[in-house]
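Have a look at the structure below before the remarks.
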Amino acid sequence: MVAHLLRLKLTLLRNSVRRSPWQLVGLGIGVLYALGLVGLGFTGLLLLRGADAGLAQTIVVLGGAAALLGWAVIPVAAAAADMTLDPARFTTFAVPMPQLLAGLALGGLIGIPGIATTLVALGTVGTWSRSLPAAGGALVGAALGVLSCVVLSKVATTATAGLASSRRFKDASAIIFLIPLILMGPIVAGVAEGVARSGDFLAGLARTLSWTPAGAAWSLGGDMAMGNYGAAGLKFLIAVATLAGLGLCWKLLLQRALVTPPFTGSAKKKSGGLGFFRLFPATPTGAVAARALSYWFRDPRYAGTLVVIPLLPVLLLFQASQTGSYGLLLFIGPLTAFLLAWSISTDVSYDNTAFALHLATGVKGAHDRLGRAVACLVFALPVVLALCVLPFLFGEDWQLLPGVLGLSLGVLFSGMGLSSVVSPRYTVAVPLPGDSPFKKPPGNVAQTMAVQLGGMAVLLLLVAPEVALMVAQSVTGSAVPGWINLVLGPVLGLALFTAGVRLGGKWLDARGPELLAELAVNR
C-alpha cells in the first residue's frame, strides 16, 4: 500500500506537467531555482568542515531549527498549495492507518521542497565528515530531522484543517504571510546585524535548542565530533521521541479527520445591501466597475497587491538609510503606478468561468475594459499622487515634483491602456477563485514571465518621452522639462489609455468564446 501511494503521488506529478509544454518549462525553472538554493546551502555546509566545531554546531542547529519551523508554518499559511494525496480523499477507502501514515509521510518528500530539504540535510554529513562516528551521527540526525519536518507539517495542516476550510482563514493567512516575504530584505539585514553583535547569544541559543525537539536531531553529528557521546545518546533519544510523538499526534488527528471531515458549508448571512453598486451609475461600465472594485477588497488575489503598496515605502526607506541617499524614493511614484496599472492585466484570467456572465449579458468589450480600469483608478490615482510627494518630505528638491508627477501619471494611464489590451489577448494560469494566492497551477511560470517581461518592455517604449524629459531635467538642472512632463504625461497617457480600452474591447468582443474556453481549461 505504501508503494502504491508513492506511485500515485508520482503519477499525479507526472500528469500535471503533461497538460502543456508550459507546464514542463515552468517545472524546469522551479527545479533550477531550487537547485541553486540547494547548491548554496550544500556548499556552505561543506565549507564548515574546516571551521571551528563550535561555530559549525551553532550554524547547523540554528539552520535545522529554522527548517523545522518553516515546515510547520509555511504549509498552513499557504493552505492548499499542494493537495495531491489529500487525506480527505481517502475517507471512503479502507486503507490501514500505518500504511496510510507511512505513504503520506514519504509522499511528502516527493516534490521540490522535500527533495531540497533532504539534500541540504545530507550536507551536514559533509560538515561532520571529520570522523566516521561524527558522519554517522550526522546521517542519523539528518534522517530524523527531515522526517520530523515532514511529519510536523502534516500535524500542522491536519490540525488546522477546519480552519483551512474557512475562506476567511485562507484569505487572512495568505495576505499576512505575504508581509514578511516582502520585508525579507530588512528582516535578513536586521538578523545579520544582530548576529554580528551577539555571537555569544546565538551560541548559547544553539546549545539550548540542541536539547529540545527543535534541534536535538541536528546536533548529533557535532556532539559526536566533539566527543560528547553521552550527550549525543540522550539527544538521539529526544529526537526519536519527538518523531514518535509527532507521529502519534498526526495519527490521532488523521483518524478524527477521516471520521469527521471539516464542515465546509457557510452560514447564512444577511444581505449587506448593494455595496459598491450603489456608488456607480446604472450603466454597463458602472456595473463592471462596481463588480471589479468588490474584487479588489474581497478577493485575496487582488488584495495582495494592496498589501504590497504600503510596504514599498518601507523597503525604499530602508534601502535609502543603508546608502544615505534618499534619491531612490523618487521612483516610488512611477513604480507604484506600474504595479497598480499592470495588476489588471490578468483580470480576465482571475474571473475564470465567471467570465461567462459578461458573455451571457452581452456587455460590450469597451464597457468591460473601461469598467475594470475605472475600478482600479478609484484608489490607484490618489495613492500614486500621494506617494509622488513622499520623497520631497525627506529633503528632495521640490523642483523635481512636476516631472515625477508627469512620469507617474503617464505610467499609470499608459499601463492601464496596455493592461486593457493584454488581458483579453493572453490568459495565464492563476489561482482559482477561493484558493490561496500562493496556489498556482504548475508550469505557468515561463508563460507568465514572457507576458510580464514583454509587457514591461512595451510599457517602457510607451513612456519613453516622459523618461527622456526626466533625464533631460536631471542633466540640465532646468525646471522646464519637468513642467513639460507634467502636461505631456497625463495627455499622452490618457490618449494611450483610450486607445487601449478601444483595442482591448474589440479583441474581447471578437475572442469572447475562445477566452471562456481557455479559462475553462485553467480550472
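Here, A, B, ... name the chains of the C-alpha cells in the order displayed, residue numbers run from 1 inside each chain, and ligands are numbered from 1 in the same displayed order.
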> Within 8 Å of region 137-152 of chain A, counting only C-alpha atoms, which residues qualify if same-chain residues fewer than 6 places away don't, as number ranges by chain?
Replying inline: A: 64, 67-68, 71-72, 105, 108-109, 114, 117-118, 121-122, 124-125, 128, 217-222, 224, 236, 239-240, 242-243, 246-247, 250
Polymer residues at most 12 Å from Ser478 (chain A), only C-alpha atoms, same-chain spacing of 2 or more positions, as an mmCIF file with N, CA and C atoms, in the first residue's frame:
```cif
data_model
loop_
_atom_site.group_PDB
_atom_site.id
_atom_site.type_symbol
_atom_site.label_atom_id
_atom_site.label_comp_id
_atom_site.auth_asym_id
_atom_site.auth_seq_id
_atom_site.Cartn_x
_atom_site.Cartn_y
_atom_site.Cartn_z
ATOM 1 N N ASP A 397 14.645 67.872 -3.864
ATOM 2 C CA ASP A 397 14.375 69.170 -4.480
ATOM 3 C C ASP A 397 12.948 69.215 -5.027
ATOM 4 N N GLN A 399 11.722 71.058 -7.034
ATOM 5 C CA GLN A 399 11.698 71.388 -8.457
ATOM 6 C C GLN A 399 11.461 70.154 -9.308
ATOM 7 N N LEU A 400 11.761 68.964 -8.742
ATOM 8 C CA LEU A 400 11.584 67.719 -9.477
ATOM 9 C C LEU A 400 10.153 67.189 -9.411
ATOM 10 N N PRO A 402 7.081 68.296 -10.441
ATOM 11 C CA PRO A 402 6.257 68.228 -11.663
ATOM 12 C C PRO A 402 6.667 67.093 -12.594
ATOM 13 N N GLY A 403 7.985 66.898 -12.763
ATOM 14 C CA GLY A 403 8.437 65.813 -13.633
ATOM 15 C C GLY A 403 8.059 64.454 -13.101
ATOM 16 N N LEU A 469 12.306 63.207 -20.768
ATOM 17 C CA LEU A 469 12.190 64.522 -20.144
ATOM 18 C C LEU A 469 12.743 64.525 -18.717
ATOM 19 N N MET A 470 12.539 63.425 -17.988
ATOM 20 C CA MET A 470 13.117 63.330 -16.648
ATOM 21 C C MET A 470 14.632 63.317 -16.709
ATOM 22 N N VAL A 471 15.185 62.595 -17.678
ATOM 23 C CA VAL A 471 16.637 62.571 -17.837
ATOM 24 C C VAL A 471 17.153 63.952 -18.218
ATOM 25 N N ALA A 472 16.433 64.633 -19.094
ATOM 26 C CA ALA A 472 16.843 65.976 -19.513
ATOM 27 C C ALA A 472 16.836 66.940 -18.333
ATOM 28 N N GLN A 473 15.845 66.816 -17.464
ATOM 29 C CA GLN A 473 15.790 67.703 -16.308
ATOM 30 C C GLN A 473 16.937 67.427 -15.346
ATOM 31 N N SER A 474 17.258 66.143 -15.130
ATOM 32 C CA SER A 474 18.353 65.819 -14.223
ATOM 33 C C SER A 474 19.707 66.242 -14.775
ATOM 34 N N VAL A 475 19.851 66.245 -16.109
ATOM 35 C CA VAL A 475 21.129 66.617 -16.720
ATOM 36 C C VAL A 475 21.298 68.135 -16.771
ATOM 37 N N THR A 476 20.242 68.832 -17.189
ATOM 38 C CA THR A 476 20.338 70.283 -17.362
ATOM 39 C C THR A 476 20.092 71.059 -16.072
ATOM 40 N N VAL A 480 12.132 73.459 -16.713
ATOM 41 C CA VAL A 480 11.249 73.456 -17.880
ATOM 42 C C VAL A 480 10.861 72.036 -18.325
ATOM 43 N N PRO A 481 11.828 71.085 -18.480
ATOM 44 C CA PRO A 481 11.422 69.723 -18.871
ATOM 45 C C PRO A 481 10.433 69.087 -17.898
ATOM 46 N N GLY A 482 10.557 69.411 -16.606
ATOM 47 C CA GLY A 482 9.625 68.865 -15.627
ATOM 48 C C GLY A 482 8.213 69.353 -15.831
ATOM 49 N N TRP A 483 8.056 70.669 -16.103
ATOM 50 C CA TRP A 483 6.715 71.211 -16.335
ATOM 51 C C TRP A 483 6.128 70.679 -17.647
ATOM 52 N N ILE A 484 6.992 70.509 -18.659
ATOM 53 C CA ILE A 484 6.511 69.893 -19.903
ATOM 54 C C ILE A 484 6.026 68.471 -19.633
#
```
>> At a cut-off of 12 Å, using only C-alpha atoms, what residues contact region 351-354 of chain A? Leave out same-chain residues fewer than 2 positions from it and give the result as a ChimeraX atom specification.
In response: /A:291-292,295,299,301-302,344-349,356-361,372,423-424,427-434,512-513,515-523
With N, CA and C atoms retained, could you export that selection as a short mmCIF file (atom, residue, chain, number, x, y, z; two decimals), in the first residue's frame?
```cif
data_model
loop_
_atom_site.label_atom_id
_atom_site.label_comp_id
_atom_site.auth_asym_id
_atom_site.auth_seq_id
_atom_site.Cartn_x
_atom_site.Cartn_y
_atom_site.Cartn_z
N ARG A 291 -18.42 45.72 -9.72
CA ARG A 291 -18.04 44.31 -9.53
C ARG A 291 -16.54 44.18 -9.36
N ALA A 292 -15.76 44.87 -10.20
CA ALA A 292 -14.30 44.79 -10.11
C ALA A 292 -13.79 45.39 -8.81
N TYR A 295 -14.04 42.99 -6.02
CA TYR A 295 -12.95 42.02 -6.05
C TYR A 295 -11.71 42.57 -5.36
N ASP A 299 -11.29 39.83 -2.62
CA ASP A 299 -10.57 38.70 -3.18
C ASP A 299 -9.09 38.82 -2.80
N ARG A 301 -6.55 37.47 -3.95
CA ARG A 301 -5.64 37.52 -5.10
C ARG A 301 -5.43 38.95 -5.57
N TYR A 302 -6.43 39.80 -5.39
CA TYR A 302 -6.29 41.22 -5.67
C TYR A 302 -5.75 41.97 -4.46
N ILE A 344 -4.16 44.72 -13.46
CA ILE A 344 -5.40 44.32 -14.14
C ILE A 344 -5.11 43.61 -15.46
N SER A 345 -3.84 43.30 -15.73
CA SER A 345 -3.52 42.60 -16.98
C SER A 345 -3.95 41.14 -16.93
N THR A 346 -4.31 40.64 -15.74
CA THR A 346 -4.77 39.25 -15.61
C THR A 346 -6.20 39.19 -15.08
N ASP A 347 -6.95 40.28 -15.20
CA ASP A 347 -8.27 40.28 -14.58
C ASP A 347 -9.22 39.27 -15.22
N VAL A 348 -9.14 39.07 -16.53
CA VAL A 348 -10.00 38.06 -17.16
C VAL A 348 -9.61 36.66 -16.69
N SER A 349 -8.31 36.41 -16.53
CA SER A 349 -7.87 35.11 -16.02
C SER A 349 -8.37 34.89 -14.60
N ALA A 356 -18.17 34.01 -18.01
CA ALA A 356 -19.36 33.70 -18.80
C ALA A 356 -20.48 34.69 -18.53
N LEU A 357 -20.49 35.30 -17.35
CA LEU A 357 -21.52 36.30 -17.03
C LEU A 357 -21.43 37.48 -17.99
N HIS A 358 -20.21 37.88 -18.35
CA HIS A 358 -20.04 39.01 -19.26
C HIS A 358 -20.54 38.64 -20.67
N LEU A 359 -20.30 37.40 -21.06
CA LEU A 359 -20.76 36.98 -22.38
C LEU A 359 -22.28 36.82 -22.41
N ALA A 360 -22.83 36.24 -21.34
CA ALA A 360 -24.27 35.98 -21.33
C ALA A 360 -25.09 37.27 -21.30
N THR A 361 -24.58 38.29 -20.64
CA THR A 361 -25.32 39.55 -20.55
C THR A 361 -25.05 40.48 -21.73
N ARG A 372 -13.36 47.97 -15.63
CA ARG A 372 -12.29 47.39 -14.80
C ARG A 372 -11.19 48.42 -14.52
N SER A 423 -4.96 41.80 -21.25
CA SER A 423 -5.89 40.93 -20.52
C SER A 423 -6.77 40.08 -21.43
N PRO A 424 -7.42 40.65 -22.46
CA PRO A 424 -8.24 39.80 -23.33
C PRO A 424 -7.45 39.04 -24.39
N THR A 427 -4.26 34.78 -21.71
CA THR A 427 -4.70 34.24 -20.43
C THR A 427 -3.56 33.42 -19.83
N VAL A 428 -3.44 33.49 -18.51
CA VAL A 428 -2.41 32.73 -17.81
C VAL A 428 -3.09 31.92 -16.72
N ALA A 429 -2.43 30.85 -16.31
CA ALA A 429 -2.96 30.01 -15.23
C ALA A 429 -2.71 30.72 -13.91
N VAL A 430 -3.78 31.09 -13.23
CA VAL A 430 -3.71 31.82 -11.97
C VAL A 430 -4.46 31.02 -10.90
N PRO A 431 -4.30 31.38 -9.62
CA PRO A 431 -5.08 30.70 -8.58
C PRO A 431 -6.58 30.81 -8.86
N LEU A 432 -7.28 29.73 -8.62
CA LEU A 432 -8.72 29.72 -8.84
C LEU A 432 -9.43 30.55 -7.78
N PRO A 433 -10.63 31.04 -8.06
CA PRO A 433 -11.38 31.78 -7.04
C PRO A 433 -11.56 30.95 -5.76
N GLY A 434 -11.24 31.56 -4.62
CA GLY A 434 -11.34 30.87 -3.34
C GLY A 434 -10.07 30.18 -2.91
N GLY A 512 -14.39 36.48 -27.28
CA GLY A 512 -15.09 36.12 -26.06
C GLY A 512 -15.25 34.62 -25.86
N PRO A 513 -15.83 33.88 -26.81
CA PRO A 513 -15.97 32.44 -26.62
C PRO A 513 -14.64 31.72 -26.48
N LEU A 515 -11.88 32.96 -25.26
CA LEU A 515 -11.38 33.26 -23.93
C LEU A 515 -12.02 32.37 -22.88
N LEU A 516 -13.34 32.20 -22.95
CA LEU A 516 -14.04 31.36 -21.98
C LEU A 516 -13.54 29.92 -22.07
N ALA A 517 -13.28 29.42 -23.27
CA ALA A 517 -12.76 28.06 -23.43
C ALA A 517 -11.38 27.94 -22.81
N GLU A 518 -10.53 28.94 -23.00
CA GLU A 518 -9.20 28.90 -22.40
C GLU A 518 -9.27 28.96 -20.88
N LEU A 519 -10.18 29.75 -20.35
CA LEU A 519 -10.33 29.85 -18.90
C LEU A 519 -10.85 28.55 -18.31
N ALA A 520 -11.72 27.86 -19.03
CA ALA A 520 -12.23 26.58 -18.54
C ALA A 520 -11.12 25.54 -18.45
N VAL A 521 -10.15 25.62 -19.36
CA VAL A 521 -9.02 24.68 -19.32
C VAL A 521 -8.16 24.92 -18.09
N ASN A 522 -8.07 26.17 -17.62
CA ASN A 522 -7.24 26.52 -16.48
C ASN A 522 -7.87 26.18 -15.15
N ARG A 523 -9.00 25.56 -15.13
CA ARG A 523 -9.69 25.23 -13.87
C ARG A 523 -8.90 24.19 -13.10
#
```
> Pick the closest to Pro313 (chain A) from A:Gly493, A:Pro391, A:Gly477, A:Gly371: which is it, counting only C-alpha atoms?
Replying inline: A:Pro391
Find the residues near Ser414 (chain A): any atom within 6 Å, counting only C-alpha atoms, skip ones fewer than 2 places away on the same chain, and give them as a compact mmCIF listing (two decimals) with N, CA and C atoms, in the first residue's frame.
```
# COMPACT_ATOMS: atom_id res chain seq x y z
N GLY A 410 1.78 59.33 -16.41
CA GLY A 410 1.95 58.70 -17.72
C GLY A 410 2.06 57.20 -17.62
N VAL A 411 2.82 56.71 -16.64
CA VAL A 411 2.95 55.26 -16.43
C VAL A 411 1.61 54.66 -16.03
N LEU A 412 0.86 55.36 -15.16
CA LEU A 412 -0.42 54.82 -14.69
C LEU A 412 -1.42 54.69 -15.83
N MET A 416 -2.49 51.25 -17.75
CA MET A 416 -3.89 50.82 -17.77
C MET A 416 -4.33 50.48 -19.19
N GLY A 417 -3.95 51.31 -20.15
CA GLY A 417 -4.32 51.02 -21.53
C GLY A 417 -3.67 49.75 -22.04
N GLY A 493 -0.66 59.75 -21.74
CA GLY A 493 -1.17 58.57 -21.04
C GLY A 493 -2.65 58.36 -21.28
N LEU A 496 -3.20 57.02 -24.81
CA LEU A 496 -2.89 55.59 -24.90
C LEU A 496 -3.92 54.76 -24.12
N PHE A 497 -4.42 55.31 -23.03
CA PHE A 497 -5.45 54.62 -22.25
C PHE A 497 -6.72 54.45 -23.08
```
> When distances are computed from only C-alpha atoms, which of A:Thr336, A:Pro284, A:Arg369, A:Leu409 shows the smallest separation from Pro310 (chain A)?
Replying inline: A:Thr336
> Separation of CA of Glu466 (chain A) and CA of Phe338 (chain A), in Å?
Replying inline: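 Computed distance, CA of Glu466 (chain A) to CA of Phe338 (chain A), equals 13.9 Å.
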>> With DSSP run on the backbone, what are the alpha helix (DSSP H) residues within region 280-340 of chain A? I'd like them as a PyMOL selection string.
In response: chain A and resi 284-298+300-323+332-340
Create the file for the chosen residues now, containing N, CA and C atoms and written as a compact mmCIF listing (two decimals), in the first residue's frame.
```txt
# COMPACT_ATOMS: atom_id res chain seq x y z
N PRO A 284 -23.64 49.74 -18.04
CA PRO A 284 -22.74 48.58 -18.14
C PRO A 284 -21.35 48.87 -17.57
N THR A 285 -20.79 50.03 -17.87
CA THR A 285 -19.48 50.38 -17.34
C THR A 285 -19.52 50.49 -15.82
N GLY A 286 -20.58 51.12 -15.29
CA GLY A 286 -20.70 51.25 -13.84
C GLY A 286 -20.85 49.91 -13.15
N ALA A 287 -21.62 48.99 -13.75
CA ALA A 287 -21.80 47.67 -13.15
C ALA A 287 -20.49 46.89 -13.12
N VAL A 288 -19.74 46.94 -14.22
CA VAL A 288 -18.45 46.25 -14.26
C VAL A 288 -17.49 46.87 -13.26
N ALA A 289 -17.48 48.19 -13.14
CA ALA A 289 -16.59 48.86 -12.20
C ALA A 289 -16.93 48.48 -10.76
N ALA A 290 -18.21 48.42 -10.41
CA ALA A 290 -18.62 48.04 -9.06
C ALA A 290 -18.22 46.60 -8.76
N ARG A 291 -18.42 45.72 -9.72
CA ARG A 291 -18.04 44.31 -9.53
C ARG A 291 -16.54 44.18 -9.36
N ALA A 292 -15.76 44.87 -10.20
CA ALA A 292 -14.30 44.79 -10.11
C ALA A 292 -13.79 45.39 -8.81
N LEU A 293 -14.37 46.48 -8.36
CA LEU A 293 -13.94 47.10 -7.11
C LEU A 293 -14.23 46.19 -5.91
N SER A 294 -15.32 45.44 -6.00
CA SER A 294 -15.62 44.47 -4.94
C SER A 294 -14.53 43.41 -4.87
N TYR A 295 -14.04 42.99 -6.02
CA TYR A 295 -12.95 42.02 -6.05
C TYR A 295 -11.71 42.57 -5.36
N TRP A 296 -11.39 43.84 -5.58
CA TRP A 296 -10.18 44.42 -5.03
C TRP A 296 -10.16 44.36 -3.51
N PHE A 297 -11.32 44.44 -2.89
CA PHE A 297 -11.36 44.47 -1.43
C PHE A 297 -11.80 43.14 -0.81
N ARG A 298 -12.27 42.20 -1.61
CA ARG A 298 -12.75 40.93 -1.04
C ARG A 298 -11.99 39.71 -1.53
N PRO A 300 -8.53 37.84 -2.06
CA PRO A 300 -7.13 37.95 -1.63
C PRO A 300 -6.15 37.99 -2.80
N ARG A 301 -6.55 37.47 -3.95
CA ARG A 301 -5.64 37.52 -5.10
C ARG A 301 -5.43 38.95 -5.57
N TYR A 302 -6.43 39.80 -5.39
CA TYR A 302 -6.29 41.22 -5.67
C TYR A 302 -5.75 41.97 -4.46
N ALA A 303 -6.26 41.62 -3.28
CA ALA A 303 -5.87 42.34 -2.07
C ALA A 303 -4.38 42.23 -1.78
N GLY A 304 -3.74 41.16 -2.27
CA GLY A 304 -2.30 41.03 -2.07
C GLY A 304 -1.54 42.20 -2.65
N THR A 305 -2.02 42.73 -3.78
CA THR A 305 -1.37 43.90 -4.38
C THR A 305 -1.52 45.11 -3.49
N LEU A 306 -2.69 45.27 -2.86
CA LEU A 306 -2.91 46.40 -1.97
C LEU A 306 -2.03 46.31 -0.73
N VAL A 307 -1.66 45.11 -0.31
CA VAL A 307 -0.76 44.95 0.82
C VAL A 307 0.66 45.37 0.45
N VAL A 308 1.05 45.09 -0.80
CA VAL A 308 2.40 45.40 -1.24
C VAL A 308 2.64 46.90 -1.29
N ILE A 309 1.64 47.67 -1.71
CA ILE A 309 1.84 49.10 -1.96
C ILE A 309 2.32 49.86 -0.71
N PRO A 310 1.68 49.73 0.46
CA PRO A 310 2.19 50.49 1.63
C PRO A 310 3.54 49.99 2.13
N LEU A 311 3.94 48.77 1.72
CA LEU A 311 5.24 48.26 2.14
C LEU A 311 6.38 48.75 1.25
N LEU A 312 6.05 49.25 0.05
CA LEU A 312 7.09 49.76 -0.83
C LEU A 312 7.86 50.93 -0.20
N PRO A 313 7.19 51.92 0.41
CA PRO A 313 7.97 52.98 1.06
C PRO A 313 8.89 52.45 2.15
N VAL A 314 8.45 51.42 2.86
CA VAL A 314 9.31 50.84 3.90
C VAL A 314 10.58 50.26 3.29
N LEU A 315 10.43 49.52 2.19
CA LEU A 315 11.59 48.93 1.54
C LEU A 315 12.53 49.99 1.01
N LEU A 316 11.99 51.01 0.34
CA LEU A 316 12.85 52.05 -0.24
C LEU A 316 13.48 52.91 0.85
N LEU A 317 12.74 53.18 1.93
CA LEU A 317 13.33 53.93 3.04
C LEU A 317 14.46 53.14 3.69
N PHE A 318 14.29 51.84 3.80
CA PHE A 318 15.35 51.01 4.35
C PHE A 318 16.59 51.04 3.46
N GLN A 319 16.37 50.92 2.15
CA GLN A 319 17.49 50.97 1.23
C GLN A 319 18.17 52.34 1.28
N ALA A 320 17.37 53.40 1.37
CA ALA A 320 17.95 54.74 1.44
C ALA A 320 18.75 54.95 2.72
N SER A 321 18.28 54.37 3.81
CA SER A 321 19.02 54.50 5.07
C SER A 321 20.35 53.77 5.03
N GLN A 322 20.44 52.72 4.21
CA GLN A 322 21.69 52.00 4.08
C GLN A 322 22.70 52.78 3.25
N THR A 323 22.22 53.49 2.25
CA THR A 323 23.12 54.22 1.34
C THR A 323 23.30 55.68 1.76
N ILE A 332 9.37 55.84 -6.31
CA ILE A 332 8.26 55.14 -5.67
C ILE A 332 6.94 55.44 -6.37
N GLY A 333 6.77 56.66 -6.87
CA GLY A 333 5.54 57.00 -7.59
C GLY A 333 5.39 56.24 -8.89
N PRO A 334 6.40 56.30 -9.80
CA PRO A 334 6.30 55.51 -11.04
C PRO A 334 6.20 54.01 -10.80
N LEU A 335 6.92 53.50 -9.79
CA LEU A 335 6.87 52.07 -9.52
C LEU A 335 5.49 51.64 -9.04
N THR A 336 4.91 52.43 -8.15
CA THR A 336 3.56 52.12 -7.68
C THR A 336 2.55 52.20 -8.82
N ALA A 337 2.72 53.21 -9.68
CA ALA A 337 1.82 53.34 -10.84
C ALA A 337 1.90 52.12 -11.73
N PHE A 338 3.11 51.61 -11.95
CA PHE A 338 3.26 50.43 -12.79
C PHE A 338 2.60 49.20 -12.15
N LEU A 339 2.85 48.99 -10.87
CA LEU A 339 2.30 47.81 -10.20
C LEU A 339 0.77 47.82 -10.23
N LEU A 340 0.17 48.95 -9.94
CA LEU A 340 -1.29 49.02 -9.93
C LEU A 340 -1.87 48.92 -11.33
```
>> Under the rule that only C-alpha atoms are counted, which of A:Thr283, A:Ala479, A:Gln99, A:Ala214 is the nearest residue to Val363 (chain A)?
In response: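 So, comparing all the options, the nearest one is A:Thr283.
Between CA of Gly504 (chain A) and CA of Arg278 (chain A) the separation is 26.9 Å.
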>> My list of candidates is A:Lys251, A:Ala134, A:Ala244, A:Leu385. Which is closest to Tyr229 (chain A) when distances are computed with only C-alpha atoms?
In response: A:Ala134
>> Can you measure CA of Gly455 (chain A) to CA of Cys376 (chain A) for me? One decimal in Å is fine.
In response: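 CA of Gly455 (chain A) sits 18.3 Å away from CA of Cys376 (chain A).
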